[in-house]
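Notes to accompany the following structure.
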Amino acid sequence: MAKGIRMAANSLPGPDPIIIRPAVPDDAEAVHAAIVKMAGGAADRIGSAPEDLRRHGLGPHKAFSGLIAEIGGEFAGMCLYFPSFSTWRGTSGVYVQDLFVEPRFRGRNIGERLIRRLASLTREQGGTYLRLAVDVDNVSAQAFYERLGIVRYPADRIHAAYDDAFQALCERGGELP
């Protein structure tokens, strides 16, 4: 286990404190299992494997980073994120890709602790904002983020090109007709 940051245990039910630490390559299987659990009924749409996570985020060439929450040495949750930059604000920030807490550890403020720790780390590195997207059907997550002051901006809407749509964008290789 990597050296973690001990969070205050005085408000926690149970004897074990919550440890929040950076994700490391050995976390790839637990992180992938959490992603599959987050997908629920859409788990068949998960195209990543633990090795993809290890290679692209938990290894030396990071496309993303993560924080892991542990209780008593057990995986309790995670927050996966990557750096972001706002050309309008002229400053850096962070984008939260995934936040997950194991069901048996919910109700112990682990998700909030992960988000707050990430915000603090981002500020320590000069960042001034945190962004994320929430599925429109995930009302409980929306309420959770709003309680933390992370609000939906009506002027923003995420657009994406995946799979065939992305390949279609690449077909001309950036050449104009």
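In the structure tokens, each chain is lettered A, B, ... as it comes, each chain's residues begin at 1, and ligands are numbered from 1 in order of appearance.
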Counting only C-alpha atoms, which residues of region 68-120 of chain A sit at most 12 Å from some atom of region 143-147 of chain A, and what is each one's closest atom pair with its distance in Å to one decimal, listed by chain and rising residue number, as JSON lines?
```
{"residue": "A:Val96", "atom": "CA", "partner": "A:Tyr145", "partner_atom": "CA", "distance": 11.6}
{"residue": "A:Leu99", "atom": "CA", "partner": "A:Tyr145", "partner_atom": "CA", "distance": 10.8}
{"residue": "A:Gly107", "atom": "CA", "partner": "A:Phe144", "partner_atom": "CA", "distance": 11.7}
{"residue": "A:Asn109", "atom": "CA", "partner": "A:Phe144", "partner_atom": "CA", "distance": 10.6}
{"residue": "A:Ile110", "atom": "CA", "partner": "A:Phe144", "partner_atom": "CA", "distance": 11.9}
{"residue": "A:Gly111", "atom": "CA", "partner": "A:Phe144", "partner_atom": "CA", "distance": 9.0}
{"residue": "A:Glu112", "atom": "CA", "partner": "A:Phe144", "partner_atom": "CA", "distance": 8.5}
{"residue": "A:Ile115", "atom": "CA", "partner": "A:Tyr145", "partner_atom": "CA", "distance": 9.4}
{"residue": "A:Arg116", "atom": "CA", "partner": "A:Tyr145", "partner_atom": "CA", "distance": 11.3}
```
Output all heavy atoms for every residue in the selection just made, as a PDB file, in the first residue's frame.
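And here's selection20.pdb as it stands now:
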```pdb
ATOM      1  N   VAL A  96     -13.000  15.797 -13.295  1.00  0.00           N
ATOM      2  CA  VAL A  96     -13.264  14.513 -12.640  1.00  0.00           C
ATOM      3  C   VAL A  96     -13.942  13.605 -13.652  1.00  0.00           C
ATOM      4  O   VAL A  96     -15.030  13.910 -14.144  1.00  0.00           O
ATOM      5  CB  VAL A  96     -14.157  14.685 -11.394  1.00  0.00           C
ATOM      6  CG1 VAL A  96     -14.500  13.326 -10.794  1.00  0.00           C
ATOM      7  CG2 VAL A  96     -13.473  15.576 -10.366  1.00  0.00           C
ATOM      8  N   LEU A  99     -16.065   9.093 -10.141  1.00  0.00           N
ATOM      9  CA  LEU A  99     -16.066   9.078  -8.680  1.00  0.00           C
ATOM     10  C   LEU A  99     -16.911   7.889  -8.271  1.00  0.00           C
ATOM     11  O   LEU A  99     -18.045   7.735  -8.743  1.00  0.00           O
ATOM     12  CB  LEU A  99     -16.658  10.370  -8.116  1.00  0.00           C
ATOM     13  CG  LEU A  99     -16.747  10.443  -6.589  1.00  0.00           C
ATOM     14  CD1 LEU A  99     -15.342  10.536  -5.977  1.00  0.00           C
ATOM     15  CD2 LEU A  99     -17.578  11.632  -6.164  1.00  0.00           C
ATOM     16  N   GLY A 107     -22.055   6.414   2.990  1.00  0.00           N
ATOM     17  CA  GLY A 107     -22.548   7.021   4.216  1.00  0.00           C
ATOM     18  C   GLY A 107     -21.433   7.449   5.160  1.00  0.00           C
ATOM     19  O   GLY A 107     -21.695   7.893   6.274  1.00  0.00           O
ATOM     20  N   ASN A 109     -18.952   9.631   4.067  1.00  0.00           N
ATOM     21  CA  ASN A 109     -18.403  10.844   3.444  1.00  0.00           C
ATOM     22  C   ASN A 109     -17.146  10.604   2.616  1.00  0.00           C
ATOM     23  O   ASN A 109     -16.332  11.505   2.432  1.00  0.00           O
ATOM     24  CB  ASN A 109     -18.133  11.927   4.487  1.00  0.00           C
ATOM     25  CG  ASN A 109     -19.402  12.390   5.155  1.00  0.00           C
ATOM     26  OD1 ASN A 109     -20.454  12.460   4.519  1.00  0.00           O
ATOM     27  ND2 ASN A 109     -19.317  12.675   6.435  1.00  0.00           N
ATOM     28  N   ILE A 110     -17.000   9.400   2.095  1.00  0.00           N
ATOM     29  CA  ILE A 110     -15.807   9.077   1.307  1.00  0.00           C
ATOM     30  C   ILE A 110     -15.792   9.849  -0.001  1.00  0.00           C
ATOM     31  O   ILE A 110     -14.763  10.423  -0.384  1.00  0.00           O
ATOM     32  CB  ILE A 110     -15.704   7.561   1.072  1.00  0.00           C
ATOM     33  CG1 ILE A 110     -15.442   6.864   2.413  1.00  0.00           C
ATOM     34  CG2 ILE A 110     -14.613   7.232   0.055  1.00  0.00           C
ATOM     35  CD1 ILE A 110     -15.558   5.363   2.377  1.00  0.00           C
ATOM     36  N   GLY A 111     -16.922   9.910  -0.706  1.00  0.00           N
ATOM     37  CA  GLY A 111     -16.982  10.661  -1.956  1.00  0.00           C
ATOM     38  C   GLY A 111     -16.640  12.123  -1.744  1.00  0.00           C
ATOM     39  O   GLY A 111     -15.871  12.715  -2.495  1.00  0.00           O
ATOM     40  N   GLU A 112     -17.205  12.697  -0.698  1.00  0.00           N
ATOM     41  CA  GLU A 112     -16.915  14.101  -0.386  1.00  0.00           C
ATOM     42  C   GLU A 112     -15.445  14.286  -0.051  1.00  0.00           C
ATOM     43  O   GLU A 112     -14.812  15.243  -0.501  1.00  0.00           O
ATOM     44  CB  GLU A 112     -17.776  14.571   0.782  1.00  0.00           C
ATOM     45  CG  GLU A 112     -17.510  16.004   1.159  1.00  0.00           C
ATOM     46  CD  GLU A 112     -18.433  16.530   2.251  1.00  0.00           C
ATOM     47  OE1 GLU A 112     -19.469  15.898   2.539  1.00  0.00           O
ATOM     48  OE2 GLU A 112     -18.089  17.584   2.816  1.00  0.00           O
ATOM     49  N   ILE A 115     -13.388  14.214  -3.302  1.00  0.00           N
ATOM     50  CA  ILE A 115     -13.538  15.457  -4.075  1.00  0.00           C
ATOM     51  C   ILE A 115     -12.806  16.614  -3.388  1.00  0.00           C
ATOM     52  O   ILE A 115     -12.108  17.399  -4.043  1.00  0.00           O
ATOM     53  CB  ILE A 115     -15.035  15.790  -4.267  1.00  0.00           C
ATOM     54  CG1 ILE A 115     -15.671  14.811  -5.249  1.00  0.00           C
ATOM     55  CG2 ILE A 115     -15.235  17.235  -4.718  1.00  0.00           C
ATOM     56  CD1 ILE A 115     -15.239  14.961  -6.691  1.00  0.00           C
ATOM     57  N   ARG A 116     -12.956  16.721  -2.086  1.00  0.00           N
ATOM     58  CA  ARG A 116     -12.286  17.821  -1.370  1.00  0.00           C
ATOM     59  C   ARG A 116     -10.765  17.679  -1.441  1.00  0.00           C
ATOM     60  O   ARG A 116     -10.054  18.662  -1.585  1.00  0.00           O
ATOM     61  CB  ARG A 116     -12.773  17.893   0.069  1.00  0.00           C
ATOM     62  CG  ARG A 116     -14.203  18.388   0.174  1.00  0.00           C
ATOM     63  CD  ARG A 116     -14.625  18.604   1.626  1.00  0.00           C
ATOM     64  NE  ARG A 116     -15.995  19.003   1.735  1.00  0.00           N
ATOM     65  CZ  ARG A 116     -16.456  20.231   1.488  1.00  0.00           C
ATOM     66  NH1 ARG A 116     -15.625  21.187   1.132  1.00  0.00           N
ATOM     67  NH2 ARG A 116     -17.742  20.512   1.605  1.00  0.00           N
TER      68      ARG A 116
END
```
Give me the residues within 9 Å of region 27-33 of chain A as a PyMOL selection string, counting only C-alpha atoms and dropping any in the same chain fewer than 3 places off.
-> chain A and resi 23-24+36-38+48-54+58+68+75+77-78+80
Filtering to N, CA, C and O atoms, could you give me those residues as a PDB file, in the first residue's frame?
```
ATOM      1  N   ALA A  23      -3.428   6.854  -6.573  1.00  0.00           N
ATOM      2  CA  ALA A  23      -3.551   5.548  -7.222  1.00  0.00           C
ATOM      3  C   ALA A  23      -2.199   5.141  -7.792  1.00  0.00           C
ATOM      4  O   ALA A  23      -1.429   5.984  -8.256  1.00  0.00           O
ATOM      5  N   VAL A  24      -1.914   3.837  -7.745  1.00  0.00           N
ATOM      6  CA  VAL A  24      -0.668   3.276  -8.258  1.00  0.00           C
ATOM      7  C   VAL A  24      -0.998   2.111  -9.201  1.00  0.00           C
ATOM      8  O   VAL A  24      -2.141   1.644  -9.228  1.00  0.00           O
ATOM      9  N   VAL A  36     -16.642  -1.047 -13.724  1.00  0.00           N
ATOM     10  CA  VAL A  36     -17.666  -2.005 -14.140  1.00  0.00           C
ATOM     11  C   VAL A  36     -18.891  -1.895 -13.233  1.00  0.00           C
ATOM     12  O   VAL A  36     -20.036  -1.891 -13.709  1.00  0.00           O
ATOM     13  N   LYS A  37     -18.679  -1.738 -11.926  1.00  0.00           N
ATOM     14  CA  LYS A  37     -19.809  -1.579 -11.006  1.00  0.00           C
ATOM     15  C   LYS A  37     -20.569  -0.287 -11.294  1.00  0.00           C
ATOM     16  O   LYS A  37     -21.801  -0.267 -11.237  1.00  0.00           O
ATOM     17  N   MET A  38     -19.856   0.785 -11.593  1.00  0.00           N
ATOM     18  CA  MET A  38     -20.512   2.060 -11.922  1.00  0.00           C
ATOM     19  C   MET A  38     -21.393   1.918 -13.149  1.00  0.00           C
ATOM     20  O   MET A  38     -22.448   2.536 -13.233  1.00  0.00           O
ATOM     21  N   SER A  48     -12.603  -1.024 -21.649  1.00  0.00           N
ATOM     22  CA  SER A  48     -11.261  -0.993 -21.053  1.00  0.00           C
ATOM     23  C   SER A  48     -10.995  -2.269 -20.275  1.00  0.00           C
ATOM     24  O   SER A  48     -11.911  -3.001 -19.911  1.00  0.00           O
ATOM     25  N   ALA A  49      -9.724  -2.493 -20.027  1.00  0.00           N
ATOM     26  CA  ALA A  49      -9.258  -3.612 -19.205  1.00  0.00           C
ATOM     27  C   ALA A  49      -8.290  -3.031 -18.173  1.00  0.00           C
ATOM     28  O   ALA A  49      -7.783  -1.915 -18.353  1.00  0.00           O
ATOM     29  N   PRO A  50      -8.025  -3.766 -17.103  1.00  0.00           N
ATOM     30  CA  PRO A  50      -7.073  -3.253 -16.110  1.00  0.00           C
ATOM     31  C   PRO A  50      -5.743  -2.817 -16.719  1.00  0.00           C
ATOM     32  O   PRO A  50      -5.179  -1.807 -16.319  1.00  0.00           O
ATOM     33  N   GLU A  51      -5.275  -3.555 -17.721  1.00  0.00           N
ATOM     34  CA  GLU A  51      -3.988  -3.191 -18.332  1.00  0.00           C
ATOM     35  C   GLU A  51      -4.061  -1.840 -19.035  1.00  0.00           C
ATOM     36  O   GLU A  51      -3.090  -1.082 -19.035  1.00  0.00           O
ATOM     37  N   ASP A  52      -5.209  -1.504 -19.618  1.00  0.00           N
ATOM     38  CA  ASP A  52      -5.378  -0.181 -20.244  1.00  0.00           C
ATOM     39  C   ASP A  52      -5.240   0.913 -19.191  1.00  0.00           C
ATOM     40  O   ASP A  52      -4.601   1.936 -19.426  1.00  0.00           O
ATOM     41  N   LEU A  53      -5.852   0.694 -18.042  1.00  0.00           N
ATOM     42  CA  LEU A  53      -5.789   1.684 -16.958  1.00  0.00           C
ATOM     43  C   LEU A  53      -4.359   1.811 -16.430  1.00  0.00           C
ATOM     44  O   LEU A  53      -3.885   2.906 -16.165  1.00  0.00           O
ATOM     45  N   ARG A  54      -3.692   0.674 -16.298  1.00  0.00           N
ATOM     46  CA  ARG A  54      -2.304   0.685 -15.827  1.00  0.00           C
ATOM     47  C   ARG A  54      -1.414   1.421 -16.822  1.00  0.00           C
ATOM     48  O   ARG A  54      -0.596   2.248 -16.447  1.00  0.00           O
ATOM     49  N   LEU A  58      -2.132   4.767 -14.671  1.00  0.00           N
ATOM     50  CA  LEU A  58      -1.517   4.388 -13.401  1.00  0.00           C
ATOM     51  C   LEU A  58      -0.054   4.033 -13.578  1.00  0.00           C
ATOM     52  O   LEU A  58       0.593   3.598 -12.642  1.00  0.00           O
ATOM     53  N   ILE A  68      -7.258   7.046  -4.307  1.00  0.00           N
ATOM     54  CA  ILE A  68      -7.888   5.840  -3.783  1.00  0.00           C
ATOM     55  C   ILE A  68      -8.204   6.068  -2.315  1.00  0.00           C
ATOM     56  O   ILE A  68      -7.362   6.562  -1.559  1.00  0.00           O
ATOM     57  N   PHE A  75     -10.083  -1.428  -0.475  1.00  0.00           N
ATOM     58  CA  PHE A  75     -10.517  -0.421  -1.435  1.00  0.00           C
ATOM     59  C   PHE A  75     -11.925   0.022  -1.051  1.00  0.00           C
ATOM     60  O   PHE A  75     -12.848  -0.782  -0.978  1.00  0.00           O
ATOM     61  N   GLY A  77     -13.092   3.363  -2.315  1.00  0.00           N
ATOM     62  CA  GLY A  77     -13.572   4.278  -3.336  1.00  0.00           C
ATOM     63  C   GLY A  77     -12.434   4.852  -4.136  1.00  0.00           C
ATOM     64  O   GLY A  77     -11.257   4.608  -3.853  1.00  0.00           O
ATOM     65  N   MET A  78     -12.822   5.636  -5.158  1.00  0.00           N
ATOM     66  CA  MET A  78     -11.805   6.227  -6.035  1.00  0.00           C
ATOM     67  C   MET A  78     -12.341   7.487  -6.674  1.00  0.00           C
ATOM     68  O   MET A  78     -13.550   7.692  -6.793  1.00  0.00           O
ATOM     69  N   LEU A  80     -11.089   9.396 -10.256  1.00  0.00           N
ATOM     70  CA  LEU A  80     -10.174   9.463 -11.392  1.00  0.00           C
ATOM     71  C   LEU A  80     -10.329  10.827 -12.045  1.00  0.00           C
ATOM     72  O   LEU A  80     -11.450  11.315 -12.223  1.00  0.00           O
TER      73      LEU A  80
END
```
Would you list, as a list in words, the residues of region 69-119 of chain A that end up in strand (DSSP E or B) under DSSP run on this structure's backbone?
-> Ala69, Glu70, Ile71, Glu74, Phe75, Ala76, Gly77, Met78, Cys79, Leu80, Tyr81, Phe82, Pro83, Ser84, Phe85, Ser86, Thr91, Ser92, Gly93, Val94, Tyr95, Val96, Gln97, Asp98, Leu99, Phe100 and Val101 of chain A
Using N, CA, C and O atoms, can you export the residues from the last selection as an mmCIF file, in the first residue's frame?
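The resulting file, selection16.cif, is shown below:
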```
data_model
loop_
_atom_site.group_PDB
_atom_site.id
_atom_site.type_symbol
_atom_site.label_atom_id
_atom_site.label_comp_id
_atom_site.auth_asym_id
_atom_site.auth_seq_id
_atom_site.Cartn_x
_atom_site.Cartn_y
_atom_site.Cartn_z
ATOM 1 N N ALA A 69 -9.415 5.685 -1.922
ATOM 2 C CA ALA A 69 -9.796 5.707 -0.510
ATOM 3 C C ALA A 69 -9.753 4.269 -0.008
ATOM 4 O O ALA A 69 -10.240 3.358 -0.676
ATOM 5 N N GLU A 70 -9.155 4.091 1.148
ATOM 6 C CA GLU A 70 -9.086 2.773 1.775
ATOM 7 C C GLU A 70 -9.570 2.863 3.213
ATOM 8 O O GLU A 70 -9.354 3.874 3.887
ATOM 9 N N ILE A 71 -10.184 1.793 3.658
ATOM 10 C CA ILE A 71 -10.564 1.649 5.063
ATOM 11 C C ILE A 71 -10.074 0.272 5.492
ATOM 12 O O ILE A 71 -10.436 -0.730 4.884
ATOM 13 N N GLU A 74 -8.720 -1.946 2.797
ATOM 14 C CA GLU A 74 -9.610 -2.348 1.712
ATOM 15 C C GLU A 74 -9.955 -1.164 0.821
ATOM 16 O O GLU A 74 -10.156 -0.050 1.309
ATOM 17 N N PHE A 75 -10.083 -1.428 -0.475
ATOM 18 C CA PHE A 75 -10.517 -0.421 -1.435
ATOM 19 C C PHE A 75 -11.925 0.022 -1.051
ATOM 20 O O PHE A 75 -12.848 -0.782 -0.978
ATOM 21 N N ALA A 76 -12.090 1.323 -0.806
ATOM 22 C CA ALA A 76 -13.397 1.853 -0.422
ATOM 23 C C ALA A 76 -13.956 2.802 -1.470
ATOM 24 O O ALA A 76 -15.167 3.031 -1.507
ATOM 25 N N GLY A 77 -13.092 3.363 -2.315
ATOM 26 C CA GLY A 77 -13.572 4.278 -3.336
ATOM 27 C C GLY A 77 -12.434 4.852 -4.136
ATOM 28 O O GLY A 77 -11.257 4.608 -3.853
ATOM 29 N N MET A 78 -12.822 5.636 -5.158
ATOM 30 C CA MET A 78 -11.805 6.227 -6.035
ATOM 31 C C MET A 78 -12.341 7.487 -6.674
ATOM 32 O O MET A 78 -13.550 7.692 -6.793
ATOM 33 N N CYS A 79 -11.404 8.312 -7.099
ATOM 34 C CA CYS A 79 -11.707 9.499 -7.895
ATOM 35 C C CYS A 79 -10.650 9.543 -8.994
ATOM 36 O O CYS A 79 -9.456 9.659 -8.703
ATOM 37 N N LEU A 80 -11.089 9.396 -10.256
ATOM 38 C CA LEU A 80 -10.174 9.463 -11.392
ATOM 39 C C LEU A 80 -10.329 10.827 -12.045
ATOM 40 O O LEU A 80 -11.450 11.315 -12.223
ATOM 41 N N TYR A 81 -9.227 11.431 -12.423
ATOM 42 C CA TYR A 81 -9.254 12.799 -12.922
ATOM 43 C C TYR A 81 -8.095 13.061 -13.863
ATOM 44 O O TYR A 81 -7.146 12.276 -13.937
ATOM 45 N N PHE A 82 -8.187 14.174 -14.563
ATOM 46 C CA PHE A 82 -7.072 14.609 -15.404
ATOM 47 C C PHE A 82 -7.014 16.128 -15.408
ATOM 48 O O PHE A 82 -8.011 16.801 -15.135
ATOM 49 N N PRO A 83 -5.840 16.694 -15.708
ATOM 50 C CA PRO A 83 -5.706 18.149 -15.716
ATOM 51 C C PRO A 83 -6.523 18.762 -16.845
ATOM 52 O O PRO A 83 -6.776 18.144 -17.869
ATOM 53 N N SER A 84 -6.904 19.995 -16.628
ATOM 54 C CA SER A 84 -7.692 20.739 -17.595
ATOM 55 C C SER A 84 -7.148 22.165 -17.648
ATOM 56 O O SER A 84 -6.502 22.617 -16.713
ATOM 57 N N PHE A 85 -7.432 22.842 -18.740
ATOM 58 C CA PHE A 85 -7.040 24.245 -18.843
ATOM 59 C C PHE A 85 -8.181 25.021 -19.470
ATOM 60 O O PHE A 85 -8.761 24.592 -20.468
ATOM 61 N N SER A 86 -8.506 26.159 -18.896
ATOM 62 C CA SER A 86 -9.551 27.029 -19.424
ATOM 63 C C SER A 86 -8.909 28.212 -20.132
ATOM 64 O O SER A 86 -8.246 29.043 -19.497
ATOM 65 N N THR A 91 -6.411 29.784 -16.770
ATOM 66 C CA THR A 91 -5.867 29.058 -15.630
ATOM 67 C C THR A 91 -6.162 27.566 -15.751
ATOM 68 O O THR A 91 -7.011 27.144 -16.530
ATOM 69 N N SER A 92 -5.432 26.798 -14.973
ATOM 70 C CA SER A 92 -5.620 25.351 -14.993
ATOM 71 C C SER A 92 -6.644 24.935 -13.945
ATOM 72 O O SER A 92 -6.988 25.682 -13.030
ATOM 73 N N GLY A 93 -7.100 23.720 -14.109
ATOM 74 C CA GLY A 93 -8.047 23.119 -13.178
ATOM 75 C C GLY A 93 -7.984 21.614 -13.316
ATOM 76 O O GLY A 93 -6.976 21.056 -13.754
ATOM 77 N N VAL A 94 -9.076 20.970 -12.974
ATOM 78 C CA VAL A 94 -9.124 19.517 -13.019
ATOM 79 C C VAL A 94 -10.507 19.074 -13.479
ATOM 80 O O VAL A 94 -11.506 19.738 -13.208
ATOM 81 N N TYR A 95 -10.527 17.966 -14.214
ATOM 82 C CA TYR A 95 -11.782 17.367 -14.661
ATOM 83 C C TYR A 95 -11.908 16.004 -13.991
ATOM 84 O O TYR A 95 -11.006 15.166 -14.109
ATOM 85 N N VAL A 96 -13.000 15.797 -13.295
ATOM 86 C CA VAL A 96 -13.264 14.513 -12.640
ATOM 87 C C VAL A 96 -13.942 13.605 -13.652
ATOM 88 O O VAL A 96 -15.030 13.910 -14.144
ATOM 89 N N GLN A 97 -13.299 12.499 -13.961
ATOM 90 C CA GLN A 97 -13.860 11.533 -14.902
ATOM 91 C C GLN A 97 -14.777 10.544 -14.188
ATOM 92 O O GLN A 97 -15.869 10.261 -14.662
ATOM 93 N N ASP A 98 -14.330 10.004 -13.066
ATOM 94 C CA ASP A 98 -15.112 9.000 -12.343
ATOM 95 C C ASP A 98 -14.953 9.188 -10.844
ATOM 96 O O ASP A 98 -13.837 9.393 -10.361
ATOM 97 N N LEU A 99 -16.065 9.093 -10.141
ATOM 98 C CA LEU A 99 -16.066 9.078 -8.680
ATOM 99 C C LEU A 99 -16.911 7.889 -8.271
ATOM 100 O O LEU A 99 -18.045 7.735 -8.743
ATOM 101 N N PHE A 100 -16.356 7.034 -7.423
ATOM 102 C CA PHE A 100 -17.065 5.821 -7.021
ATOM 103 C C PHE A 100 -16.746 5.506 -5.573
ATOM 104 O O PHE A 100 -15.599 5.621 -5.142
ATOM 105 N N VAL A 101 -17.773 5.085 -4.833
ATOM 106 C CA VAL A 101 -17.609 4.591 -3.468
ATOM 107 C C VAL A 101 -18.272 3.220 -3.394
ATOM 108 O O VAL A 101 -19.423 3.059 -3.836
#
```
Distance CA of Leu132 (chain A)-CA of Ile158 (chain A), one decimal place?
-> 10.1 Å
Using only C-alpha atoms, the best pick from A:Val134, A:Pro25, A:Ala141, A:Thr128 as closest to Arg55 (chain A) would be A:Pro25
In Å to one decimal, how far is CA of Cys170 (chain A) from CA of Asp135 (chain A)?
->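 If I compute the distance from CA of Asp135 (chain A) to CA of Cys170 (chain A), I get 27.1 Å.
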Tell me, which residues of region 47-172 of chain A carry DSSP alpha helix (DSSP H), written as an NGL selection string?
-> :A and (50-56 or 110-124 or 139-147 or 163-170)
CA of Arg157 (chain A) to CA of Val136 (chain A), distance in Å rounded to a single decimal =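 Taking CA of Arg157 (chain A) and CA of Val136 (chain A), their separation equals 11.5 Å.
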Select, from A:Ala165, A:Ile35, A:Leu148, A:Leu121, the residue with the minimum atom-to-atom distance to Gly47 (chain A), counting only C-alpha atoms.
->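 Going through A:Ala165, A:Ile35, A:Leu148, A:Leu121 one by one, the smallest distance to Gly47 (chain A) is for A:Ile35.
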